[in-house]
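> Provided herewith is a single structure, encoded as structure tokens, for subsequent inquiry.
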Amino acid sequence: MSQEAIVLFAHGARDPIWALPAQRVAEEVRRLRPGTLVSVAFLELMTPTLAEAVEAAAASGARDVRVVPLFLAQGGHLKRDVPALIEAVEAKHPGCRIELVTAVGEDAGVVQAMAAYAAGAGGVASAD
């Protein structure tokens with residue numbers, strides 16, 4: 001049983017194919033952090049929800065859960081909705097520390113990777 005869990009948190013969409021990039025990120029995190037429970041959760045339209053993912057992590061023995069928003073910025077959902085969701089699940093699992101980190105799109109390395117991709121270094125076809 002892992003004492004640590006990482007929940008990758010995405011918005012969700014009606015098309016199940018939309019979740020594939022988040023699943024690929026989860027696979028890479030599992031490779032980088034063997035022994036850590038890694039899951040993907042969604043705000044809406046897809047499952048599991050954030051509460052379900054955190055509850056599953058706690059049931060698996062995790063005592064530290066890091067919620068990593070796969071969002072570009074700290075918008076309304078991350079400022080208002082997600083803290084309320086986390087507060088509710090914390091109340092159900094008082095022995096579990098749940099940490100909400102900054103949106104992935106606000107990390108300097110992620111911004112640089114997106115800029116490199118947009119500039120053509122990431123495989124974008126040139127406009128020649």
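By order of appearance in the structure tokens: chains A, B, ..., then residues from 1 within every chain, and ligands from 1 in the order shown.
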From a DSSP pass on the backbone, collect the residues of segment 4-111 of chain A flagged as alpha helix (DSSP H) and hand them back as a PyMOL selection string.

chain A and resi 20-32+50-59+76+82-92+108-111

> Quick check for you: according to DSSP on this backbone, which residues of chain A are classed as strand (DSSP E)? Reply as a PDB file with C-alpha atoms, in the first residue's frame.


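Below you can see states-v4.pdb, which holds the result:
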```
ATOM      1  CA  GLU A   4       1.378   8.702  -1.174  1.00  0.00           C
ATOM      2  CA  ALA A   5      -1.017   9.343  -4.050  1.00  0.00           C
ATOM      3  CA  ILE A   6      -1.115  11.765  -6.958  1.00  0.00           C
ATOM      4  CA  VAL A   7      -4.457  12.646  -8.531  1.00  0.00           C
ATOM      5  CA  LEU A   8      -4.205  14.288 -11.936  1.00  0.00           C
ATOM      6  CA  PHE A   9      -7.290  16.460 -12.153  1.00  0.00           C
ATOM      7  CA  ALA A  10      -8.766  17.475 -15.503  1.00  0.00           C
ATOM      8  CA  LEU A  37      -0.660   5.541  -6.466  1.00  0.00           C
ATOM      9  CA  VAL A  38      -1.471   7.677  -9.528  1.00  0.00           C
ATOM     10  CA  SER A  39      -4.976   8.291 -10.847  1.00  0.00           C
ATOM     11  CA  VAL A  40      -6.876  10.682 -13.091  1.00  0.00           C
ATOM     12  CA  ALA A  41     -10.067  12.441 -11.965  1.00  0.00           C
ATOM     13  CA  PHE A  42     -12.466  14.842 -13.636  1.00  0.00           C
ATOM     14  CA  ASP A  64      -0.748  12.158   1.514  1.00  0.00           C
ATOM     15  CA  VAL A  65      -2.680  13.012  -1.652  1.00  0.00           C
ATOM     16  CA  ARG A  66      -1.410  15.621  -4.102  1.00  0.00           C
ATOM     17  CA  VAL A  67      -4.046  16.954  -6.500  1.00  0.00           C
ATOM     18  CA  VAL A  68      -2.391  18.203  -9.697  1.00  0.00           C
ATOM     19  CA  PRO A  69      -4.747  20.271 -11.882  1.00  0.00           C
ATOM     20  CA  ARG A  97      -3.522  15.242   3.996  1.00  0.00           C
ATOM     21  CA  ILE A  98      -4.754  16.590   0.663  1.00  0.00           C
ATOM     22  CA  GLU A  99      -2.649  19.175  -1.137  1.00  0.00           C
ATOM     23  CA  LEU A 100      -3.935  21.142  -4.131  1.00  0.00           C
TER      24      LEU A 100
END
```

> Skipping near chain neighbours, those fewer than 3 positions away, what residues fall within 10 Å of Val82 of chain A using only C-alpha atoms, listed as a list in words?

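Once the adjacent positions are removed, what remains is Phe9, Leu43, Leu50, Val67, Pro69, Gly76, His77, Leu78, Lys79, Leu85, Ile86, Glu87, Ala88 and Leu100 of chain A.
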
> Once you have the residues from the selection above, write them out as a PDB file, in the first residue's frame, restricted to N, CA and C atoms.


```pdb
ATOM      1  N   PHE A   9      -5.914  15.975 -12.106  1.00  0.00           N
ATOM      2  CA  PHE A   9      -7.290  16.460 -12.153  1.00  0.00           C
ATOM      3  C   PHE A   9      -7.533  17.274 -13.409  1.00  0.00           C
ATOM      4  N   LEU A  43     -13.553  16.947 -13.261  1.00  0.00           N
ATOM      5  CA  LEU A  43     -14.498  17.877 -12.663  1.00  0.00           C
ATOM      6  C   LEU A  43     -15.931  17.563 -13.087  1.00  0.00           C
ATOM      7  N   LEU A  50     -13.278  13.916  -8.578  1.00  0.00           N
ATOM      8  CA  LEU A  50     -12.182  14.180  -7.658  1.00  0.00           C
ATOM      9  C   LEU A  50     -12.437  13.494  -6.317  1.00  0.00           C
ATOM     10  N   VAL A  67      -3.137  16.741  -5.379  1.00  0.00           N
ATOM     11  CA  VAL A  67      -4.046  16.954  -6.500  1.00  0.00           C
ATOM     12  C   VAL A  67      -3.354  17.912  -7.461  1.00  0.00           C
ATOM     13  N   PRO A  69      -3.799  19.843 -10.858  1.00  0.00           N
ATOM     14  CA  PRO A  69      -4.747  20.271 -11.882  1.00  0.00           C
ATOM     15  C   PRO A  69      -4.083  20.320 -13.268  1.00  0.00           C
ATOM     16  N   GLY A  76     -11.678  30.080 -12.365  1.00  0.00           N
ATOM     17  CA  GLY A  76     -12.758  29.975 -11.390  1.00  0.00           C
ATOM     18  C   GLY A  76     -12.918  28.603 -10.773  1.00  0.00           C
ATOM     19  N   HIS A  77     -12.792  27.560 -11.582  1.00  0.00           N
ATOM     20  CA  HIS A  77     -12.929  26.211 -11.024  1.00  0.00           C
ATOM     21  C   HIS A  77     -11.878  25.964  -9.950  1.00  0.00           C
ATOM     22  N   LEU A  78     -10.633  26.350 -10.231  1.00  0.00           N
ATOM     23  CA  LEU A  78      -9.556  26.070  -9.280  1.00  0.00           C
ATOM     24  C   LEU A  78      -9.557  27.026  -8.092  1.00  0.00           C
ATOM     25  N   LYS A  79     -10.127  28.202  -8.277  1.00  0.00           N
ATOM     26  CA  LYS A  79     -10.177  29.157  -7.170  1.00  0.00           C
ATOM     27  C   LYS A  79     -11.356  28.902  -6.241  1.00  0.00           C
ATOM     28  N   LEU A  85     -14.558  21.167  -3.100  1.00  0.00           N
ATOM     29  CA  LEU A  85     -14.566  19.707  -3.265  1.00  0.00           C
ATOM     30  C   LEU A  85     -13.535  19.057  -2.342  1.00  0.00           C
ATOM     31  N   ILE A  86     -12.369  19.653  -2.254  1.00  0.00           N
ATOM     32  CA  ILE A  86     -11.310  19.103  -1.405  1.00  0.00           C
ATOM     33  C   ILE A  86     -11.696  19.207   0.066  1.00  0.00           C
ATOM     34  N   GLU A  87     -12.275  20.318   0.457  1.00  0.00           N
ATOM     35  CA  GLU A  87     -12.722  20.479   1.845  1.00  0.00           C
ATOM     36  C   GLU A  87     -13.726  19.395   2.223  1.00  0.00           C
ATOM     37  N   ALA A  88     -14.637  19.088   1.315  1.00  0.00           N
ATOM     38  CA  ALA A  88     -15.646  18.054   1.590  1.00  0.00           C
ATOM     39  C   ALA A  88     -15.012  16.673   1.748  1.00  0.00           C
ATOM     40  N   LEU A 100      -3.598  20.664  -2.786  1.00  0.00           N
ATOM     41  CA  LEU A 100      -3.935  21.142  -4.131  1.00  0.00           C
ATOM     42  C   LEU A 100      -2.785  22.016  -4.596  1.00  0.00           C
TER      43      LEU A 100
END
```

> Taking into account only C-alpha atoms, which residue in the set A:Ala19, A:Asp81, A:Leu70, A:Glu52 is nearest to Val110 of chain A?

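So, comparing all the options, the nearest one is A:Leu70.
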